[in-house]
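Trainee: Have a peek at input_37.csv (CSV, C-alpha atoms).
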chain,number,residue,atom,x,y,z
F,1,MET,CA,13.0,-55.7,9.1
F,2,TRP,CA,12.0,-52.1,9.3
F,3,LYS,CA,10.7,-49.6,6.8
F,4,TYR,CA,11.0,-45.9,7.5
F,5,GLU,CA,8.0,-43.6,7.1
F,6,LYS,CA,8.7,-40.0,6.3
F,7,LYS,CA,6.5,-38.5,9.0
F,8,LEU,CA,6.5,-37.9,12.8
F,9,GLU,CA,4.1,-39.9,14.9
F,10,TYR,CA,3.1,-36.5,16.5
F,11,PRO,CA,3.9,-33.1,15.1
F,12,VAL,CA,6.7,-30.9,16.4
F,13,LYS,CA,6.7,-27.2,15.4
F,14,ILE,CA,8.7,-25.0,17.7
F,15,LYS,CA,9.0,-21.3,16.9
F,16,ASN,CA,11.4,-20.1,19.6
F,17,PRO,CA,14.9,-21.6,20.3
F,18,ASN,CA,15.8,-22.4,23.9
F,19,PRO,CA,19.2,-24.0,24.4
F,20,ASN,CA,18.7,-24.6,28.2
F,21,LEU,CA,15.5,-26.5,27.6
F,22,ALA,CA,17.2,-28.5,24.8
F,23,LYS,CA,19.9,-29.7,27.2
F,24,LEU,CA,17.2,-31.1,29.5
F,25,VAL,CA,15.0,-32.6,26.8
F,26,THR,CA,17.9,-34.5,25.2
F,27,SER,CA,18.0,-36.7,28.2
F,28,GLN,CA,15.0,-38.5,26.8
F,29,PHE,CA,17.2,-39.5,23.8
F,30,GLY,CA,20.4,-40.6,25.5
F,31,GLY,CA,19.6,-40.6,29.2
F,32,PRO,CA,18.9,-43.6,31.5
F,33,HIS,CA,15.1,-43.4,30.9
F,34,GLY,CA,15.3,-42.3,27.3
F,35,GLU,CA,13.8,-43.5,24.1
F,36,LEU,CA,17.0,-44.9,22.7
F,37,GLY,CA,17.4,-47.3,25.6
F,38,ALA,CA,13.7,-48.1,25.6
F,39,SER,CA,13.6,-49.1,21.9
F,40,LEU,CA,16.8,-51.2,22.1
F,41,ARG,CA,15.6,-52.8,25.4
F,42,TYR,CA,12.2,-54.1,24.0
F,43,LEU,CA,13.5,-55.0,20.6
F,44,SER,CA,16.4,-57.1,22.2
F,45,GLN,CA,14.1,-58.7,24.8
F,46,ARG,CA,11.9,-60.2,22.0
F,47,PHE,CA,14.3,-63.0,21.3
F,48,ALA,CA,13.9,-64.6,24.7
F,49,MET,CA,10.1,-64.2,24.7
F,50,PRO,CA,8.2,-67.5,24.4
F,51,TYR,CA,4.6,-66.1,24.0
F,52,LYS,CA,3.3,-64.7,20.8
F,53,GLU,CA,1.2,-61.9,22.2
F,54,VAL,CA,4.2,-60.6,24.1
F,55,LYS,CA,6.5,-61.0,21.1
F,56,ALA,CA,4.0,-58.7,19.3
F,57,ILE,CA,3.8,-56.1,22.1
F,58,LEU,CA,7.6,-55.9,22.5
F,59,THR,CA,7.9,-55.5,18.7
F,60,ASP,CA,5.2,-52.8,18.4
F,61,ILE,CA,6.2,-50.8,21.5
F,62,GLY,CA,9.9,-51.1,20.6
F,63,THR,CA,9.0,-49.8,17.2
F,64,GLU,CA,6.9,-46.9,18.6
F,65,GLU,CA,9.9,-46.0,20.9
F,66,LEU,CA,12.0,-45.5,17.7
F,67,ALA,CA,9.4,-43.0,16.5
F,68,HIS,CA,9.5,-41.3,20.0
F,69,MET,CA,13.3,-41.0,19.7
F,70,GLU,CA,12.7,-39.2,16.4
F,71,ILE,CA,10.2,-36.8,18.1
F,72,VAL,CA,12.6,-36.1,21.0
F,73,ASN,CA,15.4,-35.4,18.6
F,74,SER,CA,13.1,-33.1,16.5
F,75,ILE,CA,12.3,-31.1,19.6
F,76,VAL,CA,16.1,-30.8,20.5
F,77,HIS,CA,16.9,-29.9,16.9
F,78,GLN,CA,14.2,-27.2,16.7
F,79,LEU,CA,15.1,-25.8,20.1
F,80,THR,CA,18.7,-25.3,19.0
F,81,LYS,CA,18.0,-23.7,15.5
F,82,ASN,CA,19.2,-20.2,14.7
F,83,LEU,CA,21.1,-19.6,17.9
F,84,THR,CA,24.0,-17.2,18.0
F,85,GLU,CA,27.4,-18.1,19.4
F,86,LYS,CA,26.8,-15.6,22.2
F,87,GLU,CA,23.4,-17.2,23.1
F,88,ILE,CA,25.0,-20.7,23.2
F,89,GLU,CA,28.0,-19.6,25.2
F,90,ALA,CA,25.7,-18.0,27.8
F,91,SER,CA,23.6,-21.2,28.0
F,92,SER,CA,23.9,-24.6,29.7
F,93,LEU,CA,24.3,-26.1,26.3
F,94,ALA,CA,27.9,-24.7,25.8
F,95,PRO,CA,29.7,-27.8,27.0
F,96,TYR,CA,27.6,-30.1,24.7
F,97,PHE,CA,28.3,-27.6,21.9
F,98,MET,CA,32.1,-28.1,22.3
F,99,ASP,CA,32.0,-31.7,21.0
F,100,HIS,CA,28.7,-31.9,19.1
F,101,THR,CA,27.9,-28.3,18.0
F,102,VAL,CA,24.1,-28.5,17.6
F,103,GLY,CA,24.1,-32.1,16.2
F,104,ILE,CA,22.2,-34.9,17.8
F,105,TYR,CA,24.2,-37.1,20.2
F,106,PRO,CA,22.8,-39.4,23.0
F,107,VAL,CA,23.7,-38.0,26.4
F,108,ASP,CA,21.7,-37.5,29.6
F,109,ALA,CA,20.9,-34.0,31.0
F,110,SER,CA,24.2,-33.8,32.8
F,111,GLY,CA,26.2,-34.8,29.6
F,112,VAL,CA,27.0,-38.4,30.4
F,113,PRO,CA,26.9,-40.4,27.1
F,114,PHE,CA,24.5,-43.2,26.5
F,115,SER,CA,25.5,-46.6,27.9
F,116,ALA,CA,24.2,-50.0,26.9
F,117,MET,CA,24.1,-50.7,30.7
F,118,GLN,CA,20.8,-48.8,30.5
F,119,PHE,CA,18.9,-51.3,28.4
F,120,ALA,CA,18.5,-54.4,30.5
F,121,SER,CA,17.8,-57.7,28.6
F,122,THR,CA,18.2,-60.6,30.9
F,123,GLY,CA,16.7,-63.6,28.9
F,124,ASP,CA,14.2,-64.0,31.7
F,125,PRO,CA,10.7,-62.9,30.6
F,126,ILE,CA,9.5,-62.0,34.1
F,127,ALA,CA,12.6,-60.0,34.9
F,128,ASP,CA,12.4,-58.3,31.5
F,129,LEU,CA,8.8,-57.3,31.8
F,130,THR,CA,9.1,-56.1,35.4
F,131,GLU,CA,12.0,-54.0,34.1
F,132,ASP,CA,9.9,-52.7,31.3
F,133,LEU,CA,7.1,-51.6,33.7
F,134,ALA,CA,9.7,-49.7,35.8
F,135,ALA,CA,11.2,-48.2,32.6
F,136,GLU,CA,7.9,-46.8,31.5
F,137,GLN,CA,7.3,-45.1,34.9
F,138,LYS,CA,10.9,-43.7,34.8
F,139,ALA,CA,10.3,-42.3,31.3
F,140,ARG,CA,7.0,-40.8,32.5
F,141,LEU,CA,8.6,-39.1,35.5
F,142,THR,CA,11.3,-37.7,33.3
F,143,TYR,CA,8.7,-36.2,31.0
F,144,ASP,CA,7.0,-34.8,34.2
F,145,ASN,CA,10.3,-33.2,35.2
F,146,ILE,CA,10.7,-31.7,31.7
F,147,LEU,CA,7.1,-30.2,32.1
F,148,ARG,CA,8.2,-28.6,35.4
F,149,PHE,CA,10.7,-26.5,33.5
F,150,ALA,CA,9.1,-26.1,30.1
F,151,ASP,CA,7.0,-22.9,29.6
F,152,ASP,CA,6.7,-23.0,25.8
F,153,PRO,CA,3.4,-24.5,24.6
F,154,ASP,CA,5.1,-25.7,21.4
F,155,VAL,CA,7.3,-27.9,23.6
F,156,ILE,CA,4.8,-28.8,26.2
F,157,ASP,CA,2.3,-30.2,23.7
F,158,PRO,CA,4.5,-33.0,22.2
F,159,ILE,CA,6.1,-33.7,25.6
F,160,ARG,CA,2.6,-34.3,27.0
F,161,PHE,CA,1.8,-36.7,24.1
F,162,LEU,CA,5.0,-38.7,24.8
F,163,ARG,CA,4.2,-38.7,28.6
F,164,GLU,CA,0.7,-40.2,27.8
F,165,ARG,CA,2.3,-42.9,25.7
F,166,GLU,CA,4.4,-44.1,28.6
F,167,ILE,CA,1.2,-44.6,30.6
F,168,VAL,CA,-0.4,-46.7,27.8
F,169,HIS,CA,2.8,-48.8,27.4
F,170,PHE,CA,2.9,-49.4,31.2
F,171,GLN,CA,-0.7,-50.7,30.9
F,172,ARG,CA,0.2,-53.0,28.0
F,173,PHE,CA,3.3,-54.3,29.7
F,174,GLY,CA,1.2,-55.1,32.8
F,175,GLU,CA,-1.1,-57.2,30.6
F,176,ALA,CA,2.0,-58.8,29.0
F,177,LEU,CA,3.3,-59.8,32.4
F,178,ARG,CA,-0.1,-61.3,33.2
F,179,ILE,CA,0.0,-63.3,30.0
F,180,VAL,CA,3.5,-64.7,30.9
F,181,GLN,CA,2.4,-65.6,34.4
F,182,ASP,CA,-0.9,-67.2,33.2
F,183,ASN,CA,1.4,-69.6,31.2
F,184,LEU,CA,3.4,-70.6,34.3
F,185,ASN,CA,2.7,-72.9,37.2
F,186,SER,CA,1.0,-70.6,39.7
F,187,LYS,CA,3.4,-71.7,42.4
F,188,ASN,CA,6.4,-70.9,40.3
F,189,PHE,CA,5.9,-67.3,39.1
F,190,TYR,CA,9.4,-66.2,40.2
F,191,ALA,CA,11.3,-69.5,40.4
F,192,PHE,CA,11.1,-70.4,36.7
F,193,ASN,CA,12.4,-68.9,33.5
F,194,PRO,CA,10.1,-70.1,30.6
F,195,ALA,CA,12.7,-68.9,28.0
F,196,PHE,CA,15.3,-71.3,29.3
F,197,ASP,CA,14.0,-73.9,31.7
F,198,LYS,CA,11.8,-76.5,30.0
F,199,THR,CA,9.2,-77.1,32.7
F,200,SER,CA,9.2,-76.2,36.3
F,201,SER,CA,9.2,-79.9,37.4
F,202,GLN,CA,12.0,-80.7,35.0
F,203,ARG,CA,14.0,-77.8,36.5
F,204,ARG,CA,13.4,-79.1,40.0
F,205,ASP,CA,14.6,-82.5,38.9
F,206,ASN,CA,17.8,-81.0,37.3
F,207,MET,CA,18.6,-79.2,40.5
F,208,TRP,CA,17.9,-82.2,42.6
F,209,ASP,CA,20.2,-84.3,40.3
F,210,MET,CA,23.0,-81.8,40.7
F,211,SER,CA,22.8,-81.7,44.4
F,212,ASN,CA,22.9,-85.4,44.6
F,213,ARG,CA,25.8,-86.1,42.2
F,214,THR,CA,28.5,-88.4,43.5
F,215,ASP,CA,30.9,-88.2,40.5
C,216,MET,CA,11.2,-75.7,1.3
C,217,ASP,CA,7.5,-75.4,1.7
C,218,GLU,CA,5.3,-72.9,-0.2
C,219,ARG,CA,5.5,-70.3,2.5
C,220,GLU,CA,9.3,-70.4,2.7
C,221,GLU,CA,9.4,-70.2,-1.1
C,222,LEU,CA,7.2,-67.1,-1.3
C,223,MET,CA,9.1,-65.5,1.6
C,224,LYS,CA,12.4,-66.1,-0.2
C,225,ASN,CA,11.1,-64.6,-3.4
C,226,LEU,CA,9.8,-61.6,-1.6
C,227,GLN,CA,13.2,-61.1,0.2
C,228,ILE,CA,14.9,-61.2,-3.2
C,229,ALA,CA,12.6,-58.6,-4.7
C,230,ASP,CA,12.7,-56.4,-1.6
C,231,PHE,CA,16.5,-56.5,-1.4
C,232,ALA,CA,16.8,-55.5,-5.1
C,233,LEU,CA,14.5,-52.6,-4.2
C,234,ILE,CA,16.4,-51.6,-1.1
C,235,ASP,CA,19.7,-51.5,-3.0
C,236,THR,CA,18.2,-49.5,-5.9
C,237,VAL,CA,16.8,-47.0,-3.3
C,238,LEU,CA,20.3,-46.4,-2.0
C,239,TYR,CA,21.6,-45.7,-5.5
C,240,LEU,CA,18.6,-43.4,-6.2
C,241,ASP,CA,19.3,-41.4,-3.0
C,242,THR,CA,22.5,-40.2,-4.5
C,243,HIS,CA,21.3,-40.2,-8.1
C,244,PRO,CA,17.7,-38.9,-7.9
C,245,SER,CA,17.4,-38.0,-11.5
C,246,ASP,CA,18.9,-41.1,-13.1
C,247,LYS,CA,16.2,-42.2,-15.6
C,248,ALA,CA,17.4,-45.8,-16.1
C,249,ALA,CA,17.6,-46.3,-12.3
C,250,LEU,CA,14.1,-44.9,-12.0
C,251,ASN,CA,12.7,-47.3,-14.6
C,252,HIS,CA,14.5,-50.1,-12.8
C,253,TYR,CA,12.9,-48.9,-9.5
C,254,ASP,CA,9.4,-48.9,-11.0
C,255,ARG,CA,9.8,-52.4,-12.3
C,256,LEU,CA,11.1,-53.8,-9.0
C,257,LYS,CA,8.4,-52.0,-7.1
C,258,LYS,CA,5.7,-53.8,-9.1
C,259,ILE,CA,7.4,-57.2,-8.6
C,260,SER,CA,7.8,-56.6,-4.9
C,261,GLN,CA,4.2,-55.5,-4.5
C,262,ALA,CA,2.8,-58.5,-6.3
C,263,ARG,CA,4.9,-60.9,-4.3
C,264,GLU,CA,4.0,-59.2,-1.0
C,265,ASP,CA,0.3,-59.3,-1.9
C,266,GLU,CA,0.5,-63.0,-2.7
C,267,TYR,CA,2.4,-63.8,0.6
C,268,ILE,CA,-0.1,-61.8,2.7
C,269,SER,CA,-3.2,-63.3,1.1
C,270,LYS,CA,-1.9,-66.8,1.8
C,271,PHE,CA,0.2,-66.6,5.0
C,272,GLY,CA,-0.9,-63.5,6.9
C,273,PRO,CA,0.3,-59.9,7.6
C,274,LEU,CA,3.8,-58.6,7.2
C,275,ASN,CA,3.2,-55.5,9.3
C,276,SER,CA,0.8,-54.6,12.1
C,277,THR,CA,-1.4,-52.4,9.9
C,278,ASN,CA,-2.1,-54.8,7.0
C,279,VAL,CA,-4.1,-57.4,9.0
C,280,GLU,CA,-7.2,-58.6,7.1
C,281,SER,CA,-10.1,-58.1,9.5
C,282,SER,CA,-11.3,-61.4,11.0
C,283,ASP,CA,-12.1,-62.7,14.4
C,284,ILE,CA,-8.5,-62.8,15.6
C,285,PHE,CA,-5.7,-60.3,15.2
C,286,SER,CA,-3.4,-62.6,13.2
C,287,TRP,CA,-0.5,-60.1,13.6
C,288,VAL,CA,0.5,-61.9,16.8
C,289,ASN,CA,0.8,-65.4,15.2
C,290,ASN,CA,3.9,-67.4,15.2
C,291,PRO,CA,6.5,-67.8,13.7
C,292,TRP,CA,8.3,-64.5,14.2
C,293,PRO,CA,11.2,-63.7,11.9
C,294,TRP,CA,14.0,-64.6,14.3
C,295,GLU,CA,12.6,-68.1,14.8
C,296,VAL,CA,14.1,-71.1,13.0
C,297,ASP,CA,10.7,-72.1,11.6
C,298,ALA,CA,10.1,-68.7,10.1
What do you get writing this file as structure tokens?
Mentor:
Amino acid sequence: MWKYEKKLEYPVKIKNPNPNLAKLVTSQFGGPHGELGASLRYLSQRFAMPYKEVKAILTDIGTEELAHMEIVNSIVHQLTKNLTEKEIEASSLAPYFMDHTVGIYPVDASGVPFSAMQFASTGDPIADLTEDLAAEQKARLTYDNILRFADDPDVIDPIRFLREREIVHFQRFGEALRIVQDNLNSKNFYAFNPAFDKTSSQRRDNMWDMSNRTD
Amino acid sequence: MDEREELMKNLQIADFALIDTVLYLDTHPSDKAALNHYDRLKKISQAREDEYISKFGPLNSTNVESSDIFSWVNNPWPWEVDA
């Protein structure tokens, strides 16, 4: 279970609102590489993970992603505070405002709502961890793209922190994939699902049995 | 039910009572009787948690007793049948 702590993992204090930047940053909440998908992806994948070190890293990174979601939402919230109707109407945030005012809702930068299609959980540890490595790179590049457009140091600072964490997570997932592969038959890295198939030789026997069935 | 399962069940009971009391207090933050109830449950929950941790290891990643191995990773995890 989870217990909430009444603090951000990294502080967010933004003095000047900026609705155009808020519209871009919100993609890291509800977009394809966002923190909502990341947290749900890792926390869901745990159930199919046979190795204790990797159960731990999926739990702890999944939990940290929940904290990152809160940071991203805090940035969007502070960037949309004290705006006038005229300022909103003149900004790219106007279409979002129609349905959500300045509340928090998971969409990508172009307004497409969050989809569970974005959090892959396959029941296959090698597929899942390979997905996670890509996911961390995609989150990192999205933060890089935010940094291309952000000129406010109050925004740049927490975004840089989040970007750095993607790099650390990528490293840890690389180690996790290595742990999974070290537990497999070295000839069977990609042909065997340790969460479902009992042993690689048993799997081969099962396949052989099926192909030779006469009933 | 072995000792670990017994201690876990008792902790879950105490924690659930606390969780439910917190929801009530969120909407009634100055209710004295509820605050007293909260204080009592907090002590029970803390005592049960301390006993569980001392015998069977950490319940969160930052309360691991230092030793040669980071026991946080140990099985079973909560979703497993032997948890």
Trainee: Give me the residues within 12 Å of Ile228 (chain C) as a CSV table (one decimal) with C-alpha atoms, keeping the file's coordinate frame, counting only C-alpha atoms and dropping any in the same chain fewer than 3 places off.
Mentor:
chain,number,residue,atom,x,y,z
C,221,GLU,CA,9.4,-70.2,-1.1
C,222,LEU,CA,7.2,-67.1,-1.3
C,223,MET,CA,9.1,-65.5,1.6
C,224,LYS,CA,12.4,-66.1,-0.2
C,225,ASN,CA,11.1,-64.6,-3.4
C,231,PHE,CA,16.5,-56.5,-1.4
C,232,ALA,CA,16.8,-55.5,-5.1
C,233,LEU,CA,14.5,-52.6,-4.2
C,234,ILE,CA,16.4,-51.6,-1.1
C,235,ASP,CA,19.7,-51.5,-3.0
C,256,LEU,CA,11.1,-53.8,-9.0
C,257,LYS,CA,8.4,-52.0,-7.1
C,259,ILE,CA,7.4,-57.2,-8.6
C,260,SER,CA,7.8,-56.6,-4.9
C,263,ARG,CA,4.9,-60.9,-4.3
C,264,GLU,CA,4.0,-59.2,-1.0
Trainee: May I ask you to extract the residues of chain C within 8 Å of chain F, using all atoms listed in the file, and to give them as a VMD selection string?
Mentor: chain C and resid 276 287 to 290 292 294
Trainee: What is the distance, in Å and to one decimal place, between CA of Gly111 (chain F) and CA of Leu36 (chain F)?
Mentor: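 CA of Gly111 (chain F) sits 15.3 Å away from CA of Leu36 (chain F).
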Trainee: May I ask for the distance between CA of Pro158 (chain F) and CA of Asn18 (chain F), given in Å to one decimal place?
Mentor: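 Computing it gives 15.6 Å between the two atoms.
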Trainee: Residues near Ala139 (chain F), anyone? I mean within 9 Å using all atoms listed in the file, not counting same-chain ones fewer than 4 positions away, as a PyMOL selection string.
Mentor: chain F and resi 28+32-35+38+134-135+143-144+163+166
Trainee: Out of F:Pro11, F:Pro153, F:Pro194, F:Pro125, which residue has the shortest atom-to-atom distance to Leu177 (chain F) when counting all atoms listed in the file?
Mentor: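 For Leu177 (chain F), the nearest of the candidates is F:Pro125.
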Trainee: So that I can check the surroundings of Ser39 (chain F), please list as an mmCIF file with C-alpha atoms, in the frame of the given file every protein, DNA and RNA residue that reaches within 7 Å of it, counting all atoms listed in the file and ignoring chain neighbours fewer than 3 positions away.
Mentor:
data_model
loop_
_atom_site.group_PDB
_atom_site.id
_atom_site.type_symbol
_atom_site.label_atom_id
_atom_site.label_comp_id
_atom_site.auth_asym_id
_atom_site.auth_seq_id
_atom_site.Cartn_x
_atom_site.Cartn_y
_atom_site.Cartn_z
ATOM 1 C CA GLU F 35 13.800 -43.500 24.100
ATOM 2 C CA LEU F 36 17.000 -44.900 22.700
ATOM 3 C CA TYR F 42 12.200 -54.100 24.000
ATOM 4 C CA LEU F 43 13.500 -55.000 20.600
ATOM 5 C CA GLY F 62 9.900 -51.100 20.600
ATOM 6 C CA THR F 63 9.000 -49.800 17.200
ATOM 7 C CA GLU F 65 9.900 -46.000 20.900
ATOM 8 C CA LEU F 66 12.000 -45.500 17.700
#
Trainee: May I ask for the distance between CA of Arg140 (chain F) and CA of Val12 (chain F), given in Å to one decimal place?
Mentor: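 That distance, rounded to one decimal, is 18.9 Å.
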Trainee: Which residues are near Asn183 (chain F)? Cut-off 10 Å, all atoms listed in the file, ignore same chain within fewer than 3 positions. Put them as a ChimeraX atom specification.
Mentor: /F:50-51,178-180,186,189,194
Trainee: Find the residues with any atom within 7 Å of (16.6, -33.1, 30.1); use only C-alpha atoms and the coordinates as given in the file, and write the answer as a short mmCIF file (atom, residue, chain, number, x, y, z; two decimals) with C-alpha atoms, keeping the file's coordinate frame.
Mentor:
data_model
loop_
_atom_site.label_atom_id
_atom_site.label_comp_id
_atom_site.auth_asym_id
_atom_site.auth_seq_id
_atom_site.Cartn_x
_atom_site.Cartn_y
_atom_site.Cartn_z
CA LYS F 23 19.90 -29.70 27.20
CA LEU F 24 17.20 -31.10 29.50
CA VAL F 25 15.00 -32.60 26.80
CA THR F 26 17.90 -34.50 25.20
CA SER F 27 18.00 -36.70 28.20
CA GLN F 28 15.00 -38.50 26.80
CA ASP F 108 21.70 -37.50 29.60
CA ALA F 109 20.90 -34.00 31.00
CA ILE F 146 10.70 -31.70 31.70
#
Trainee: Could I get region 274-283 of chain C rebuilt with all heavy atoms, written as an mmCIF file, in the coordinates of the input?
Mentor:
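Just written: part_2.cif:
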data_model
loop_
_atom_site.group_PDB
_atom_site.id
_atom_site.type_symbol
_atom_site.label_atom_id
_atom_site.label_comp_id
_atom_site.auth_asym_id
_atom_site.auth_seq_id
_atom_site.Cartn_x
_atom_site.Cartn_y
_atom_site.Cartn_z
ATOM 1 N N LEU C 274 2.396 -58.904 7.081
ATOM 2 C CA LEU C 274 3.800 -58.600 7.200
ATOM 3 C C LEU C 274 4.060 -57.387 8.081
ATOM 4 O O LEU C 274 5.176 -57.125 8.506
ATOM 5 C CB LEU C 274 4.493 -58.468 5.877
ATOM 6 C CG LEU C 274 4.636 -59.772 5.081
ATOM 7 C CD1 LEU C 274 4.960 -59.481 3.627
ATOM 8 C CD2 LEU C 274 5.689 -60.675 5.693
ATOM 9 N N ASN C 275 3.025 -56.586 8.269
ATOM 10 C CA ASN C 275 3.200 -55.500 9.300
ATOM 11 C C ASN C 275 1.819 -55.341 9.989
ATOM 12 O O ASN C 275 0.781 -55.826 9.542
ATOM 13 C CB ASN C 275 3.713 -54.224 8.672
ATOM 14 C CG ASN C 275 2.760 -53.526 7.754
ATOM 15 O OD1 ASN C 275 1.650 -53.171 8.161
ATOM 16 N ND2 ASN C 275 3.173 -53.311 6.523
ATOM 17 N N SER C 276 1.908 -54.626 11.123
ATOM 18 C CA SER C 276 0.800 -54.600 12.100
ATOM 19 C C SER C 276 -0.429 -53.878 11.520
ATOM 20 O O SER C 276 -1.514 -53.994 12.078
ATOM 21 C CB SER C 276 1.240 -53.969 13.370
ATOM 22 O OG SER C 276 1.661 -52.642 13.127
ATOM 23 N N THR C 277 -0.270 -53.117 10.433
ATOM 24 C CA THR C 277 -1.400 -52.400 9.900
ATOM 25 C C THR C 277 -1.950 -52.959 8.607
ATOM 26 O O THR C 277 -2.804 -52.343 7.969
ATOM 27 C CB THR C 277 -1.071 -50.879 9.725
ATOM 28 O OG1 THR C 277 0.098 -50.768 8.910
ATOM 29 C CG2 THR C 277 -0.804 -50.206 11.061
ATOM 30 N N ASN C 278 -1.479 -54.135 8.189
ATOM 31 C CA ASN C 278 -2.100 -54.800 7.000
ATOM 32 C C ASN C 278 -2.789 -56.107 7.346
ATOM 33 O O ASN C 278 -2.820 -57.021 6.532
ATOM 34 C CB ASN C 278 -1.216 -54.819 5.788
ATOM 35 C CG ASN C 278 0.018 -55.706 5.959
ATOM 36 O OD1 ASN C 278 0.064 -56.554 6.845
ATOM 37 N ND2 ASN C 278 0.996 -55.518 5.108
ATOM 38 N N VAL C 279 -3.342 -56.188 8.555
ATOM 39 C CA VAL C 279 -4.100 -57.400 9.000
ATOM 40 C C VAL C 279 -5.476 -57.341 8.300
ATOM 41 O O VAL C 279 -6.168 -56.329 8.374
ATOM 42 C CB VAL C 279 -4.241 -57.437 10.496
ATOM 43 C CG1 VAL C 279 -5.091 -58.623 10.920
ATOM 44 C CG2 VAL C 279 -2.876 -57.493 11.160
ATOM 45 N N GLU C 280 -5.849 -58.444 7.639
ATOM 46 C CA GLU C 280 -7.200 -58.600 7.100
ATOM 47 C C GLU C 280 -8.150 -58.792 8.258
ATOM 48 O O GLU C 280 -7.911 -59.671 9.074
ATOM 49 C CB GLU C 280 -7.282 -59.742 6.110
ATOM 50 C CG GLU C 280 -6.372 -59.630 4.898
ATOM 51 C CD GLU C 280 -6.775 -58.511 3.949
ATOM 52 O OE1 GLU C 280 -7.972 -58.175 3.909
ATOM 53 O OE2 GLU C 280 -5.880 -57.969 3.268
ATOM 54 N N SER C 281 -9.226 -58.006 8.316
ATOM 55 C CA SER C 281 -10.100 -58.100 9.500
ATOM 56 C C SER C 281 -10.718 -59.504 9.587
ATOM 57 O O SER C 281 -11.170 -60.075 8.609
ATOM 58 C CB SER C 281 -11.166 -57.047 9.460
ATOM 59 O OG SER C 281 -11.998 -57.243 8.352
ATOM 60 N N SER C 282 -10.665 -60.046 10.777
ATOM 61 C CA SER C 282 -11.300 -61.400 11.000
ATOM 62 C C SER C 282 -11.522 -61.431 12.529
ATOM 63 O O SER C 282 -11.454 -60.423 13.217
ATOM 64 C CB SER C 282 -10.313 -62.462 10.581
ATOM 65 O OG SER C 282 -9.110 -62.409 11.316
ATOM 66 N N ASP C 283 -11.791 -62.616 13.014
ATOM 67 C CA ASP C 283 -12.100 -62.700 14.400
ATOM 68 C C ASP C 283 -10.925 -62.602 15.346
ATOM 69 O O ASP C 283 -11.056 -62.368 16.533
ATOM 70 C CB ASP C 283 -12.809 -64.093 14.693
ATOM 71 C CG ASP C 283 -14.159 -64.165 14.011
ATOM 72 O OD1 ASP C 283 -14.716 -63.090 13.709
ATOM 73 O OD2 ASP C 283 -14.640 -65.280 13.765
#
